[in-house]
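Data first, discussion second: the structure below is written as structure tokens.
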Number of protein chains: 2
Amino acid sequence: MTTDPFDLDAFRRDGHQLIEWIADYLEGLESRPVREPVEPGDVRAKLPSAAPEHPEPFADTMADLDEIVVPGLAHWQHPGWFAYFPAMSSPAAILGELASAGLGVQGMLWSTSPAATEMESHVLDWLVDLTGVPQSWKTTGEGGGVLQMSASDSTHTALVIAREQARQRSSASAENMVAYASSQAHSSVEKGARVAGYGHVRLIPVDSEFAIDLGQLRSAVTDDIAAGLTPAFVCAAVGTTGTTAVDPVRDIGEIADRHDMWFHVDAAYAGAAMICPEFRHHQDGLESADSYTFNAHKWMATNFDCSIFWVADRRPLIETLSILPPYLRDAATETGAVIDYRDWHVPLGRRFRALKLWFVLRSFGAEGLRDMIRNSVDQAQNLAAWLAGDPRFEVIAPTPFGLVSFRHTDGDTATTNLAEAINSDGSFYITPSEIDGSPFIRVSIGSTWTRQHHVDQLRDLISRLA
Amino acid sequence: MTTDPFDLDAFRRDGHQLIEWIADYLEGLESRPVREPVEPGDVRAKLPSAAPEHPEPFADTMADLDEIVVPGLAHWQHPGWFAYFPAMSSPAAILGELASAGLGVQGMLWSTSPAATEMESHVLDWLVDLTGVPQSWKTTGEGGGVLQMSASDSTHTALVIAREQARQRSSASAENMVAYASSQAHSSVEKGARVAGYGHVRLIPVDSEFAIDLGQLRSAVTDDIAAGLTPAFVCAAVGTTGTTAVDPVRDIGEIADRHDMWFHVDAAYAGAAMICPEFRHHQDGLESADSYTFNAHKWMATNFDCSIFWVADRRPLIETLSILPPYLRDAATETGAVIDYRDWHVPLGRRFRALKLWFVLRSFGAEGLRDMIRNSVDQAQNLAAWLAGDPRFEVIAPTPFGLVSFRHTDGDTATTNLAEAINSDGSFYITPSEIDGSPFIRVSIGSTWTRQHHVDQLRDLISRLA
């Protein structure tokens, strides 16, 4: 048994073992609780207090995976995972991540691994066609796509570009700038605005379907201008995190245009659904958007991280983020014929994430991804219809995608108790949330291994516990 | 041959094939050019213009890895890679990344996978001991460590905290704040300051060894205060990117203290060396640092991304970045007994990166990592001594770590020509750079598979071409 850390024969042997272990883990998930019972400190208590001085056999690490790691997890890939939004994976995504790690290239510049940059541009251009967003967003057009770690990073980047655009236009200070989103927008808008130094974030009230109230947005902008502030950024959510509500993209775009605001569309979760044409009406009006984000790592079978950020015009993005020290000067860069993705986000270094998206697209084919999305939506709409037909439940929001939002008609306590009871069962994990001060239950359908019979079992459990 | 994208038997078979392919790739690297000959657009020209509609067999994807991807790479893991800084990997790191992708958990909150958070805290606490940074930086103390994507992210995060601290203290606007670093600091300081909205970045001149000129730093701070500006952030580089110059940490810390600036230490590359006690004098004075970053993905055998960010006090970090929407409320969070890493950086979601660091530490043992670092430094110092002893060459900077910086004594053109000739040979890749307007050659030693005989071959090539 070698303990040479560079031994590639050992890598072959250990690698095969780990592949089998992962397949076994995934096949065995259903027999485990969706969240392992674990108290704060349990995992650390099993780990030695100091790092090993000398190499340890891989077999020991594998044994600890079973004895320390797995019993300390919440199993996001469990078929009973209905919490948050899915963090889908797939065999192809895992292998794509493995291939990327094996190659170990770093694509900060085109020249530091041309295939990493070109495949990323190419695959994101494919996705422009697949999701029906504007053609000009292709890297072969004026815009372009880039992979970021998370939608929070994409939204933060958009806020920074917006701030710089507003500064150039009006010489306003960030403290006097305002970012707008609905009260149901993802917390990354508020966090990103804080990180980018905005003085003001307006979380605009929503209508009865939890979409932004356009009248209130218009008034807020008018009031802010009257108060001497500079509206700089507005975000439309296509599928809010709370209830997958859809803001009116076209109308918000008009308001953004009128006031020279940067218009960002956050479709972090629902963007994946746009691969099916029948969902695209939810984002009608995208031609006025300046930037857009969706996470292939949520509902498009690609493991975290793989967040897509598109801009309609790449010049303000690059102008905001480009810095050129001598050690990054490069002949290919100077021709202007290539993309250097280091100028498209905050980090400099980047791994070859496009590879896993490419593996996934080839493994599923566009039609396979459409089937997957449609299955989730059907399952969600059927569950919503069943809930709506039962007097014990009230579906509190539309179900345009894979999220069902409901409450118990007996009131807040009954809803909270029901959520706790579902989660205590151990087979399913849903997210207790609240809106307007009232609790509700989020059932997010679309996890990697969830099939119709798992949704049926959840439905039966809800019925029994209610 | 199945094309069911969820078939786990196919995953086993394809996974074994990919493990073998990676081992073959790594074993065969030396027989390839370190950078494949590729022109802009070559890779895209080989890719179909649209994504496939239907599933494609994995064998086709594997064939394209050989025919499209590999011929489009710069091979960062090639033993002749002496460019930039290393992006080390290792068999254990690749397997750790695979295990993380296989588990597919997302550790934004402690409760969304306790083992992901606890192992991260634990392994980073191990590294506090291993690298001899202040004990209070442990998560069991007042500070704590978190994994970020890149040192650029860590430095940007530090700049944001610094800005908020200065704002609370002085009610200054970001436009009136100043960030300081040397002219040799990494471009991420300037980029991060721009992203965070600082009005001013002062890149202070350096001394003859390319470390910051303390007198000029003091004057700049005094002048800025006199001009009504607010010094908010100062960065000490322990190992600059240009020449691995080392700024005087203790002295900069005193200046930071005197003026209430946030004190950030960027040891992105050299931090890994601190696992060997004999290098720690380079960062004497760390007890006054507020934050520190080093990249395990550079010189610590862990594939990108794995950047470590330590803070001496976690409260201002969390205060700056914490936002709590209803869908992220959580019983464990509310007890205050756990760390929720979502509040430690810009992204919300996060994958289980600690796993690969844990795999690496166990595969090498601390002693194995020390040997690896010492080998690189010995190889670099021997090369530097040889260059210094040859009248054709001038070593332009000290060689405290694994980077050798030299030029041709016949002048700038000879240096530039030499750099081009070395890179044209195809067996080695070095970085042509410049300092004070004069070109020089960076030879960065410490790539994953580089051994003494590769450095000897490079030395012979330099001698022949000069």
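How things are named: the first chain in the structure tokens is A, the next is B, and so on; residues count from 1 in each chain; ligands count from 1 in the order shown.
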
List the neighbours of stretch 85-92 of chain B out to 7 Å using only C-alpha atoms; skip same-chain residues closer than 2 positions along the sequence, and give me the result as a PyMOL selection string. (chain A and resi 5-6+11+104) or (chain B and resi 76+83+94-96+297-304+359-360+363+444+446-448)

What residues in stretch 339-451 of chain A get the DSSP label alpha helix (DSSP H)? Please answer as an mmCIF file with N, CA and C atoms, in the first residue's frame.
```cif
data_model
loop_
_atom_site.group_PDB
_atom_site.id
_atom_site.type_symbol
_atom_site.label_atom_id
_atom_site.label_comp_id
_atom_site.auth_asym_id
_atom_site.auth_seq_id
_atom_site.Cartn_x
_atom_site.Cartn_y
_atom_site.Cartn_z
ATOM 1 N N ALA A 354 -17.192 25.168 -17.777
ATOM 2 C CA ALA A 354 -18.013 24.948 -18.974
ATOM 3 C C ALA A 354 -18.043 23.475 -19.346
ATOM 4 N N LEU A 355 -16.986 22.760 -18.944
ATOM 5 C CA LEU A 355 -16.888 21.350 -19.279
ATOM 6 C C LEU A 355 -18.079 20.571 -18.735
ATOM 7 N N LYS A 356 -18.505 20.877 -17.522
ATOM 8 C CA LYS A 356 -19.606 20.086 -16.976
ATOM 9 C C LYS A 356 -20.936 20.461 -17.627
ATOM 10 N N LEU A 357 -21.073 21.714 -18.010
ATOM 11 C CA LEU A 357 -22.282 22.114 -18.724
ATOM 12 C C LEU A 357 -22.335 21.401 -20.085
ATOM 13 N N TRP A 358 -21.186 21.294 -20.721
ATOM 14 C CA TRP A 358 -21.079 20.611 -22.009
ATOM 15 C C TRP A 358 -21.396 19.122 -21.835
ATOM 16 N N PHE A 359 -20.843 18.507 -20.793
ATOM 17 C CA PHE A 359 -21.168 17.100 -20.502
ATOM 18 C C PHE A 359 -22.687 16.936 -20.304
ATOM 19 N N VAL A 360 -23.274 17.850 -19.556
ATOM 20 C CA VAL A 360 -24.709 17.737 -19.248
ATOM 21 C C VAL A 360 -25.550 17.905 -20.506
ATOM 22 N N LEU A 361 -25.234 18.918 -21.303
ATOM 23 C CA LEU A 361 -26.027 19.155 -22.514
ATOM 24 C C LEU A 361 -25.950 17.958 -23.454
ATOM 25 N N ARG A 362 -24.793 17.310 -23.504
ATOM 26 C CA ARG A 362 -24.658 16.161 -24.384
ATOM 27 C C ARG A 362 -25.305 14.915 -23.794
ATOM 28 N N SER A 363 -25.280 14.810 -22.490
ATOM 29 C CA SER A 363 -25.847 13.626 -21.845
ATOM 30 C C SER A 363 -27.377 13.634 -21.921
ATOM 31 N N PHE A 364 -27.969 14.815 -21.725
ATOM 32 C CA PHE A 364 -29.433 14.910 -21.748
ATOM 33 C C PHE A 364 -29.958 15.214 -23.145
ATOM 34 N N GLY A 365 -29.215 16.023 -23.889
ATOM 35 C CA GLY A 365 -29.798 16.626 -25.091
ATOM 36 C C GLY A 365 -30.833 17.638 -24.655
ATOM 37 N N ALA A 366 -31.097 18.617 -25.494
ATOM 38 C CA ALA A 366 -32.068 19.651 -25.134
ATOM 39 C C ALA A 366 -33.421 19.022 -24.793
ATOM 40 N N GLU A 367 -33.789 18.006 -25.551
ATOM 41 C CA GLU A 367 -35.094 17.389 -25.326
ATOM 42 C C GLU A 367 -35.151 16.712 -23.946
ATOM 43 N N GLY A 368 -34.061 16.115 -23.540
ATOM 44 C CA GLY A 368 -34.009 15.487 -22.217
ATOM 45 C C GLY A 368 -34.159 16.505 -21.099
ATOM 46 N N LEU A 369 -33.546 17.686 -21.284
ATOM 47 C CA LEU A 369 -33.683 18.725 -20.270
ATOM 48 C C LEU A 369 -35.119 19.263 -20.238
ATOM 49 N N ARG A 370 -35.717 19.396 -21.412
ATOM 50 C CA ARG A 370 -37.119 19.871 -21.459
ATOM 51 C C ARG A 370 -38.044 18.883 -20.747
ATOM 52 N N ASP A 371 -37.823 17.594 -20.998
ATOM 53 C CA ASP A 371 -38.651 16.572 -20.327
ATOM 54 C C ASP A 371 -38.531 16.704 -18.812
ATOM 55 N N MET A 372 -37.299 16.906 -18.371
ATOM 56 C CA MET A 372 -37.030 16.988 -16.935
ATOM 57 C C MET A 372 -37.774 18.182 -16.321
ATOM 58 N N ILE A 373 -37.671 19.331 -16.969
ATOM 59 C CA ILE A 373 -38.358 20.538 -16.481
ATOM 60 C C ILE A 373 -39.877 20.310 -16.472
ATOM 61 N N ARG A 374 -40.368 19.779 -17.577
ATOM 62 C CA ARG A 374 -41.833 19.592 -17.682
ATOM 63 C C ARG A 374 -42.341 18.599 -16.645
ATOM 64 N N ASN A 375 -41.556 17.564 -16.389
ATOM 65 C CA ASN A 375 -41.950 16.620 -15.340
ATOM 66 C C ASN A 375 -42.078 17.323 -14.002
ATOM 67 N N SER A 376 -41.099 18.140 -13.661
ATOM 68 C CA SER A 376 -41.149 18.840 -12.368
ATOM 69 C C SER A 376 -42.376 19.738 -12.298
ATOM 70 N N VAL A 377 -42.628 20.472 -13.374
ATOM 71 C CA VAL A 377 -43.748 21.416 -13.351
ATOM 72 C C VAL A 377 -45.071 20.659 -13.267
ATOM 73 N N ASP A 378 -45.182 19.562 -14.012
ATOM 74 C CA ASP A 378 -46.405 18.755 -13.925
ATOM 75 C C ASP A 378 -46.618 18.248 -12.502
ATOM 76 N N GLN A 379 -45.557 17.726 -11.927
ATOM 77 C CA GLN A 379 -45.664 17.196 -10.564
ATOM 78 C C GLN A 379 -46.100 18.303 -9.602
ATOM 79 N N ALA A 380 -45.538 19.493 -9.785
ATOM 80 C CA ALA A 380 -45.870 20.604 -8.895
ATOM 81 C C ALA A 380 -47.317 21.042 -9.099
ATOM 82 N N GLN A 381 -47.733 21.131 -10.362
ATOM 83 C CA GLN A 381 -49.096 21.611 -10.611
ATOM 84 C C GLN A 381 -50.134 20.593 -10.153
ATOM 85 N N ASN A 382 -49.796 19.313 -10.283
ATOM 86 C CA ASN A 382 -50.712 18.293 -9.768
ATOM 87 C C ASN A 382 -50.829 18.362 -8.252
ATOM 88 N N LEU A 383 -49.688 18.556 -7.590
ATOM 89 C CA LEU A 383 -49.740 18.668 -6.132
ATOM 90 C C LEU A 383 -50.530 19.910 -5.731
ATOM 91 N N ALA A 384 -50.300 21.023 -6.440
ATOM 92 C CA ALA A 384 -51.016 22.265 -6.125
ATOM 93 C C ALA A 384 -52.518 22.083 -6.325
ATOM 94 N N ALA A 385 -52.881 21.371 -7.402
ATOM 95 C CA ALA A 385 -54.305 21.151 -7.680
ATOM 96 C C ALA A 385 -54.937 20.302 -6.576
ATOM 97 N N TRP A 386 -54.196 19.295 -6.133
ATOM 98 C CA TRP A 386 -54.709 18.449 -5.054
ATOM 99 C C TRP A 386 -54.894 19.272 -3.766
ATOM 100 N N LEU A 387 -53.899 20.096 -3.452
ATOM 101 C CA LEU A 387 -53.987 20.932 -2.252
ATOM 102 C C LEU A 387 -55.167 21.906 -2.359
ATOM 103 N N ALA A 388 -55.314 22.478 -3.554
ATOM 104 C CA ALA A 388 -56.379 23.468 -3.755
ATOM 105 C C ALA A 388 -57.755 22.823 -3.620
ATOM 106 N N ASP A 412 -52.044 29.939 11.304
ATOM 107 C CA ASP A 412 -50.587 29.979 11.378
ATOM 108 C C ASP A 412 -50.011 28.822 12.191
ATOM 109 N N THR A 413 -50.593 28.557 13.340
ATOM 110 C CA THR A 413 -50.043 27.500 14.187
ATOM 111 C C THR A 413 -50.162 26.143 13.500
ATOM 112 N N ALA A 414 -51.306 25.919 12.887
ATOM 113 C CA ALA A 414 -51.491 24.645 12.176
ATOM 114 C C ALA A 414 -50.477 24.511 11.041
ATOM 115 N N THR A 415 -50.206 25.633 10.363
ATOM 116 C CA THR A 415 -49.231 25.598 9.269
ATOM 117 C C THR A 415 -47.831 25.293 9.799
ATOM 118 N N THR A 416 -47.441 26.001 10.847
ATOM 119 C CA THR A 416 -46.119 25.785 11.430
ATOM 120 C C THR A 416 -45.978 24.355 11.937
ATOM 121 N N ASN A 417 -47.015 23.877 12.596
ATOM 122 C CA ASN A 417 -46.970 22.499 13.111
ATOM 123 C C ASN A 417 -46.880 21.479 11.978
ATOM 124 N N LEU A 418 -47.630 21.741 10.917
ATOM 125 C CA LEU A 418 -47.591 20.823 9.776
ATOM 126 C C LEU A 418 -46.187 20.783 9.165
ATOM 127 N N ALA A 419 -45.581 21.957 9.007
ATOM 128 C CA ALA A 419 -44.221 22.011 8.448
ATOM 129 C C ALA A 419 -43.254 21.221 9.318
ATOM 130 N N GLU A 420 -43.370 21.421 10.610
ATOM 131 C CA GLU A 420 -42.470 20.699 11.526
ATOM 132 C C GLU A 420 -42.708 19.200 11.472
ATOM 133 N N ALA A 421 -43.964 18.828 11.389
ATOM 134 C CA ALA A 421 -44.290 17.395 11.346
ATOM 135 C C ALA A 421 -43.754 16.752 10.063
ATOM 136 N N ILE A 422 -43.899 17.443 8.942
ATOM 137 C CA ILE A 422 -43.375 16.889 7.676
ATOM 138 C C ILE A 422 -41.864 16.682 7.797
ATOM 139 N N ASN A 423 -41.187 17.697 8.290
ATOM 140 C CA ASN A 423 -39.727 17.600 8.367
ATOM 141 C C ASN A 423 -39.270 16.587 9.420
ATOM 142 N N SER A 424 -40.069 16.404 10.462
ATOM 143 C CA SER A 424 -39.677 15.447 11.507
ATOM 144 C C SER A 424 -39.778 14.008 11.032
ATOM 145 N N ASP A 425 -40.628 13.780 10.039
ATOM 146 C CA ASP A 425 -40.795 12.425 9.537
ATOM 147 C C ASP A 425 -39.468 11.840 9.027
#
```

Based on only C-alpha atoms, which of the residues in chain B come within 6 Å of chain A? I want them as a PyMOL selection string. chain B and resi 5+11+16+22+43-44+50-56+69+72-74+76+91+94+98+101-102+105+112-115+118+126+150+152-153+196+326-327+347+362-367+433-434

Enumerate the residues of stretch 143-352 of chain A with a DSSP assignment of strand (DSSP E or B), computed from the backbone, and present them as a VMD selection string. chain A and resid 144 to 148 177 to 182 200 to 204 206 212 230 to 238 246 262 to 266 291 to 295 307 to 311

File of the preceding selection, C-alpha atoms, as a tab-separated table (two decimals), in the first residue's frame:
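And here is the file that came out, again_7.tsv:
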```tsv
chain	number	residue	atom	x	y	z
A	144	GLY	CA	-21.98	37.59	-23.88
A	145	GLY	CA	-22.24	35.04	-21.16
A	146	VAL	CA	-19.87	34.06	-18.38
A	147	LEU	CA	-20.01	31.48	-15.61
A	148	GLN	CA	-19.94	32.80	-12.08
A	177	MET	CA	-27.73	55.89	-5.47
A	178	VAL	CA	-30.78	53.70	-5.21
A	179	ALA	CA	-31.30	50.07	-6.16
A	180	TYR	CA	-34.89	48.82	-6.59
A	181	ALA	CA	-36.38	45.38	-6.35
A	182	SER	CA	-39.56	43.93	-4.93
A	200	HIS	CA	-30.35	53.04	-0.60
A	201	VAL	CA	-32.23	49.88	-1.46
A	202	ARG	CA	-35.97	50.13	-2.00
A	203	LEU	CA	-37.85	46.88	-1.56
A	204	ILE	CA	-41.12	47.72	-3.29
A	206	VAL	CA	-45.92	43.36	-4.14
A	212	ILE	CA	-43.77	43.91	-7.84
A	230	THR	CA	-29.98	58.79	-8.33
A	231	PRO	CA	-31.90	55.66	-9.36
A	232	ALA	CA	-29.17	53.36	-10.66
A	233	PHE	CA	-30.39	49.75	-10.69
A	234	VAL	CA	-33.62	47.87	-10.88
A	235	CYS	CA	-34.09	44.12	-10.67
A	236	ALA	CA	-36.96	42.08	-12.04
A	237	ALA	CA	-37.39	38.65	-10.52
A	238	VAL	CA	-38.54	35.91	-12.85
A	246	VAL	CA	-42.90	36.73	-11.73
A	262	TRP	CA	-29.36	49.36	-15.24
A	263	PHE	CA	-31.98	46.64	-15.68
A	264	HIS	CA	-31.05	43.28	-14.21
A	265	VAL	CA	-33.22	40.17	-14.45
A	266	ASP	CA	-32.84	37.55	-11.74
A	291	SER	CA	-28.06	41.70	-17.55
A	292	TYR	CA	-29.60	38.38	-16.61
A	293	THR	CA	-28.67	35.52	-14.33
A	294	PHE	CA	-29.76	31.93	-14.01
A	295	ASN	CA	-28.24	29.00	-12.22
A	307	SER	CA	-24.27	30.27	-12.47
A	308	ILE	CA	-24.81	31.96	-15.82
A	309	PHE	CA	-24.50	35.72	-16.20
A	310	TRP	CA	-25.44	37.34	-19.49
A	311	VAL	CA	-24.97	40.96	-20.43
```

Write out as a PyMOL selection string each polymer residue whose atoms come within 9 Å of B:Arg314, counting only C-alpha atoms; drop sequence neighbours fewer than 2 positions from it. chain B and resi 137+139+142-145+310-312+316-319+344

Atoms to include: C-alpha atoms. Write the selected residues as an mmCIF file, in the first residue's frame.
```cif
data_model
loop_
_atom_site.group_PDB
_atom_site.id
_atom_site.type_symbol
_atom_site.label_atom_id
_atom_site.label_comp_id
_atom_site.auth_asym_id
_atom_site.auth_seq_id
_atom_site.Cartn_x
_atom_site.Cartn_y
_atom_site.Cartn_z
ATOM 1 C CA TRP B 137 -7.815 33.317 14.084
ATOM 2 C CA THR B 139 -13.108 29.556 14.601
ATOM 3 C CA GLU B 142 -12.625 35.259 17.949
ATOM 4 C CA GLY B 143 -11.707 34.981 14.297
ATOM 5 C CA GLY B 144 -12.110 32.223 11.802
ATOM 6 C CA GLY B 145 -11.374 30.932 8.357
ATOM 7 C CA TRP B 310 -8.902 34.377 7.750
ATOM 8 C CA VAL B 311 -10.184 37.196 9.888
ATOM 9 C CA ALA B 312 -8.875 38.044 13.335
ATOM 10 C CA PRO B 316 -17.254 42.974 11.554
ATOM 11 C CA LEU B 317 -17.237 40.439 8.710
ATOM 12 C CA ILE B 318 -20.619 39.007 9.647
ATOM 13 C CA GLU B 319 -22.039 42.421 10.488
ATOM 14 C CA TRP B 344 -18.712 35.165 5.298
#
```
